[in-house]
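Colleague: Pasting a structure below so you can have a look.
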Amino acid sequence: MQSYLSHLQCTNCGKTVRADELHTTCPDCGKVLFARYDLDAARRVDRDEIVRRRSGLWRWFELLPVRDPDHVVSLGEGDTPLLWARNLGRKLDAPHLHIKEEGLNPTGSFKARGMSVAVSRAKELGVKAFAVPSAGNAASALAAYGARGGLSVNLFMPKDVPDMMRREGTAYGAHLYLVNGLIDDAGRVVRENAGSRGWFDMSTLREPYRQEGKKTMGFELAEHFNWELPDAVFYPTGGGTGIVGMWKAFEELERLGWIGPKRPKMIVVQAQGCAPIVNAFHAGQRYAERVADAHTVAPGIRVPAALGDYLILDAVRDSGGTAVAVTDDEILSAMSELAHEEGVFASPEGAATLPAYKRLLADGFLNHEETAVLFNCGSGFKNAELFPATVEAWPDTRAASS
Ligand SMILES: *Cc1c(COP(=O)(O)O)cnc(C)c1O
Ligand SMILES: [Zn+2]
């Protein structure tokens, strides 16, 4: 097996740089670098052979950026279930509704995909120590893959992240630092210190490879729907790695001749208390303005400013999609609805996709026959405090009253 990685290219100014040296953002303009592949040569890869390989995202090795399979740091990420949401679909008169259950990834979220690929590639290029700003899941995933790869990890989190996130990161042996402020404040601390401390900065879209891991969600969708894509994809959007990665995946698959030109409507879902991309989309802007006083029960999408805002907005617009903000109350009731109806213990971010879907059905943006996929990006276990237990009274004197 051989990776067809050829070079890195700036998504803003087009500058190209060599792939086999360490890069962060574009050396000229500071925007996002994409990994590019020799897709003409990769046409000799047999799509059906990839389907037959052992499960996990490394099945797509030729379209991933690691040169030597020995450098792969893996915990079994990818190939998560795509669940047909039969019960919810019946309630909503929407027979083709699905949930991509990313909560089953190692460390309980789709961050595992990005970190498996980015850690593997950085290790291959000689990195020994990492730092990342995180609302929780990126930290856990980097800590776990760092541990498995024998690399040192430093985590910077807003001080109000869920307790479980703090515990998990340090359980893997990472150094944890809490920051007064939000994730972009934590990012600033990382950027100010990475150089002098010898840390590689793993911030969202500030290195070229986490999005390569996340793009495998797009590959899996294509494969699952028999090389035709669904009509709509609902994605809880923070930094945007997933939406940007999937959009890139679709382009690569089409250039390989594995799918046609049809694309899903890409639908950004954010929380009303922090909806920079939704605001920019409806204002017709290419870049988003930083949200002041960002707040929501869904920490993974509490991202007031994203470096890849223009890439997210391009994907939404080019796909004919839209952007929807939902309230915290809608998120909380969707968490119990997903659990009650489908047995899916969703993270608040993942649950946010359900009220967004309902809204677009109600206002006619989507019709009931269209195939839609809701991304449950993480497990509800990490946010278990948001699921109150209802204890019923039992008529026995030994039973406790609450
Ligand atoms: C990181 C995260 C998101 C946002 O993902 P991006 O691809 O960075 O936009 C959403 N939900 C959860 C649970 C996350 O951890
Ligand atoms: Zn550039």
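Please note that chains go A, B, ... in the order of the structure tokens, that every chain numbers its residues from 1, and that ligands are numbered from 1 in the order shown.
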Using DSSP on the backbone, list every residue of stretch 204-282 of chain A that comes out as strand (DSSP E), and give them as a tab-separated table (two decimals) with N, CA, C and O atoms, in the first residue's frame.
Modeller:
```tsv
chain	number	residue	atom	x	y	z
A	232	ALA	N	-28.93	15.22	2.14
A	232	ALA	CA	-28.59	16.26	3.11
A	232	ALA	C	-27.76	15.68	4.24
A	232	ALA	O	-28.01	14.56	4.70
A	233	VAL	N	-26.77	16.45	4.68
A	233	VAL	CA	-25.91	16.07	5.80
A	233	VAL	C	-25.99	17.18	6.84
A	233	VAL	O	-25.72	18.34	6.53
A	234	PHE	N	-26.38	16.81	8.06
A	234	PHE	CA	-26.49	17.78	9.16
A	234	PHE	C	-25.28	17.63	10.06
A	234	PHE	O	-25.07	16.57	10.65
A	235	TYR	N	-24.52	18.71	10.17
A	235	TYR	CA	-23.24	18.60	10.87
A	235	TYR	C	-23.11	19.68	11.94
A	235	TYR	O	-23.14	20.88	11.65
A	236	PRO	N	-22.97	19.26	13.22
A	236	PRO	CA	-22.78	20.24	14.30
A	236	PRO	C	-21.41	20.85	14.16
A	236	PRO	O	-20.40	20.18	14.30
A	265	LYS	N	-26.74	18.43	0.30
A	265	LYS	CA	-26.80	19.78	0.86
A	265	LYS	C	-26.09	19.70	2.21
A	265	LYS	O	-26.47	18.90	3.07
A	266	MET	N	-25.04	20.49	2.38
A	266	MET	CA	-24.29	20.47	3.63
A	266	MET	C	-24.93	21.48	4.58
A	266	MET	O	-25.03	22.67	4.25
A	267	ILE	N	-25.36	20.99	5.74
A	267	ILE	CA	-26.11	21.86	6.64
A	267	ILE	C	-25.36	22.04	7.96
A	267	ILE	O	-25.13	21.09	8.71
A	268	VAL	N	-24.93	23.26	8.15
A	268	VAL	CA	-24.22	23.62	9.38
A	268	VAL	C	-25.23	23.80	10.50
A	268	VAL	O	-26.23	24.51	10.33
A	269	VAL	N	-24.99	23.14	11.63
A	269	VAL	CA	-25.84	23.33	12.79
A	269	VAL	C	-25.00	23.93	13.91
A	269	VAL	O	-23.93	23.41	14.23
A	270	GLN	N	-25.46	25.05	14.45
A	270	GLN	CA	-24.79	25.67	15.60
A	270	GLN	C	-25.81	26.01	16.68
A	270	GLN	O	-27.01	25.84	16.48
A	271	ALA	N	-25.30	26.45	17.82
A	271	ALA	CA	-26.18	26.82	18.93
A	271	ALA	C	-26.44	28.31	18.88
A	271	ALA	O	-25.56	29.08	18.50
```
Colleague: Write out as a PyMOL selection string each polymer residue whose atoms come within 12 Å of stretch 12-26 of chain A, counting only C-alpha atoms; drop sequence neighbours fewer than 2 positions from it.
Modeller: chain A and resi 3-10+28-37+65-67+118+121-127+191+194-195+199-210+286+307-311+314
Colleague: Identify, on the basis of only C-alpha atoms, every residue whose closest approach to A:Val303 does not exceed 12 Å; exclude the query and any residue fewer than 3 positions from it along the same chain; express the result as a count of residues only.
Modeller: 42
Colleague: Counting only C-alpha atoms and all ligand atoms, which of A:Ala141, A:Leu178, A:Leu338, A:Val119 gets nearest to ligand 1?
Modeller: A:Ala141
Colleague: Restricting the calculation to only C-alpha atoms and all ligand atoms: of A:Asp48, A:Glu341, A:Glu212, A:Glu330, which residue gets closest to ligand 1?
Modeller: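 Of A:Asp48, A:Glu341, A:Glu212, A:Glu330, the one nearest ligand 1 is A:Glu212, counting only C-alpha atoms and all ligand atoms.
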Colleague: Have a look at atom CA of A:Val153 and atom CA of A:Val72 and let me know their distance in Å, one decimal.
Modeller: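 Going from atom CA of A:Val153 over to atom CA of A:Val72, I get 17.4 Å.
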Colleague: Expressed in Å to a single decimal, how great is the separation between atom CA of A:His71 and atom CA of A:Thr216?
Modeller: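 Interatomic distance here is 18.4 Å.
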Colleague: From the set A:His340, A:Arg59, A:Lys248, A:Lys262, which residue has the shortest atom-to-atom contact distance to A:Asn87, counting only C-alpha atoms?
Modeller: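 Going through A:His340, A:Arg59, A:Lys248, A:Lys262 one by one, the smallest distance to A:Asn87 is for A:His340.
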